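J.: Input: one structure, supplied below.
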Amino acid sequence: MKETTLKQIAETLGISITTVSKALKNYSDVSPKTKQAVLELANSLQYTPNSFAVNLRTKESKTIGLIIPEVVHHFFSNVINGIIAEAEKNGYLVIILQSNESLELEKKQVELLINKRVDGIIVSLSNESNHDEHLKDILRRGIPFVQFDKISKLIPSSKVIINDQKAAFDAVEHLILKGCKKIAHIRGPVNPQNAIDRFIGYKRALEKYNIPFDSSLVYTCKNVTFEEGKEFAQQIATTQPEVDGLFVITDLVAVGVLAYFNEAQIKVPQQIKVIGFSNWFMSQVITPKLSTVDQPSYEMGVASFNLLLQEMNCKKDMVKFEPQTIELTTQIIERESTF
């Protein structure tokens, strides 16, 4: 079936297209009788407004683009929920794209969203992102843009972040205050800023408590997976058995660590204490329950959309917008793995 148009309604009723349009919008200069006739015919023909035509008139698509590294991750699924909840309140649809931690795919997705003429874009960068030209293209085109979690400090856009250095410092300090003297770190890949900052926080905590930094106690993930957690836990147990504390880049990897220690009958926290990062729901159901840094993911989604909305409204009103950075607070959640 072809879509019903304003022209068809107008011809059927013998009135102008303008009158039909005004009647559908409840203009006061159209008689109640005409309004009723238009509405009844529009309903019977299942008429819906042409969104493309509306977009051309208003210069708004009422859609935003969201690019995240992975959808299945607990942290990002919570961020998505926060963004969608706020977007719906404000009449926006969200196009969600997953970069799979690939820079090339991230570039294509940015180009796709630009071509779709979305009103704004929210991005958490892939682990491979070390090239900013596609992000600069968003700014060059004047598209409202917010980065969150994994960001580029070189791009002057709005950002929603946590203080990763402080959060990591707090996690390692927690291990030290629990009596750990030889602390290993399973870190993220070398590119993402949050992995760099968490590594810096780890080193600063060691420095504050006069514990020498030992590069052989740092293990670098390529893909940040459960399997890497198991693999590095085995390496630590076999080559560095004197390690008594372990700070892990994220809970997914830390759960892999605990799984190996359970299999190898290495007692946590008696022999080694473990703390993760993000407060993933699995951290509460694994044995032992995982101590972690609580990262406010849903709130990060809410803040990201509201920052984007501010910039979109400023653009609509032709008001200059100054990029803002919102820093959310974190806290240590102590559970059985560090008692």
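By convention here, the chains of the structure tokens are called A, B, ... in the order presented, each chain's residues are numbered starting at 1, and ligands are numbered starting at 1 in the order presented.
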List the spatial neighbours of A:Ser21 as a list in words - criterion: any atom at most 10 Å away, only C-alpha atoms, same-chain residues fewer than 2 positions off excluded.

T.: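 So, after excluding close chain neighbours, the residues are Leu6, Lys7, Ile9, Ala10, Ser16, Ile17, Thr18, Thr19, Ala23, Leu24, Lys25, Asn26, Tyr27, Lys35, Val38 and Pro49 of chain A.
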
J.: For atom CA of A:Asn81 and atom CA of A:Gly301, determine how far apart the two atoms are, in Å to one decimal place.

T.: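 Interatomic distance, atom CA of A:Asn81 to atom CA of A:Gly301: 7.1 Å.
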
J.: Point out the residue among A:His134, A:Lys182, A:Arg335, A:Arg204 with the least atom-to-atom distance to A:Lys289, counting only C-alpha atoms.

T.: A:Arg335

J.: Mind checking which residues fall within 12 Å of A:Glu263, counting only C-alpha atoms, ignoring those fewer than 6 positions away in the same chain, and posting them as a PyMOL selection string?

T.: chain A and resi 230+233-234+237+256-257+287

J.: Which neighbours of A:Leu328 fall inside 10 Å, counting only C-alpha atoms, when residues of the same chain fewer than 3 positions from it are skipped, and could you give them as a PyMOL selection string?

T.: chain A and resi 160-163+295-297+299-300+303+325

J.: Mind checking which residues fall within 7 Å of A:Glu128, counting only C-alpha atoms, ignoring those fewer than 5 positions away in the same chain, and posting them as a list in words?

T.: Glu101, Ser102, Leu103 and Asn191 of chain A

J.: Since we have the selection now, will you write its residues out, keeping N, CA and C atoms, as a short mmCIF file (atom, residue, chain, number, x, y, z; two decimals), in the first residue's frame?

T.:
data_model
loop_
_atom_site.label_atom_id
_atom_site.label_comp_id
_atom_site.auth_asym_id
_atom_site.auth_seq_id
_atom_site.Cartn_x
_atom_site.Cartn_y
_atom_site.Cartn_z
N GLU A 101 35.54 -2.32 19.40
CA GLU A 101 36.91 -1.90 19.73
C GLU A 101 37.77 -1.70 18.47
N SER A 102 37.12 -1.41 17.33
CA SER A 102 37.84 -1.24 16.05
C SER A 102 37.82 0.22 15.63
N LEU A 103 38.99 0.79 15.39
CA LEU A 103 39.08 2.17 14.94
C LEU A 103 38.44 2.34 13.56
N ASN A 191 46.31 2.24 24.38
CA ASN A 191 45.69 3.43 23.79
C ASN A 191 44.66 4.15 24.66
#

J.: Quick one: everything within 10 Å of A:Ile186, counting only C-alpha atoms, minus sequence neighbours fewer than 5 positions away in the same chain. Send it as number ranges by chain.

T.: A: 199, 217-221, 224, 228-229, 232-233, 246-250, 253-254, 257, 276

J.: Interatomic distance between atom CA of A:Pro192 and atom CA of A:Glu104?

T.: 15.5 Å

J.: Between A:Asn223, A:Gly14, A:Gln331, A:Gly179, which has the minimum distance to A:Ser278 (counting only C-alpha atoms)?

T.: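 Closest residue, counting only C-alpha atoms: A:Gln331.
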
J.: If you measure from atom CA of A:Lys153 to atom CA of A:Gln193, what distance in Å do you get, rounded to one decimal?

T.: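 Separation between atom CA of A:Lys153 and atom CA of A:Gln193: 8.0 Å.
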
J.: Hey, what's within 12 Å of A:Leu135 if we count only C-alpha atoms and toss same-chain stuff fewer than 3 positions away? As a ChimeraX atom specification, please?

T.: /A:67,103,106-111,113-114,121-125,129-132,138-147,151-157

J.: May I ask which of the residues A:Asp164, A:Glu311, A:Glu334, A:Asp137 is the closest one to A:Ile196, counting only C-alpha atoms?

T.: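 Among the listed residues, the smallest separation from A:Ile196 belongs to A:Asp164.
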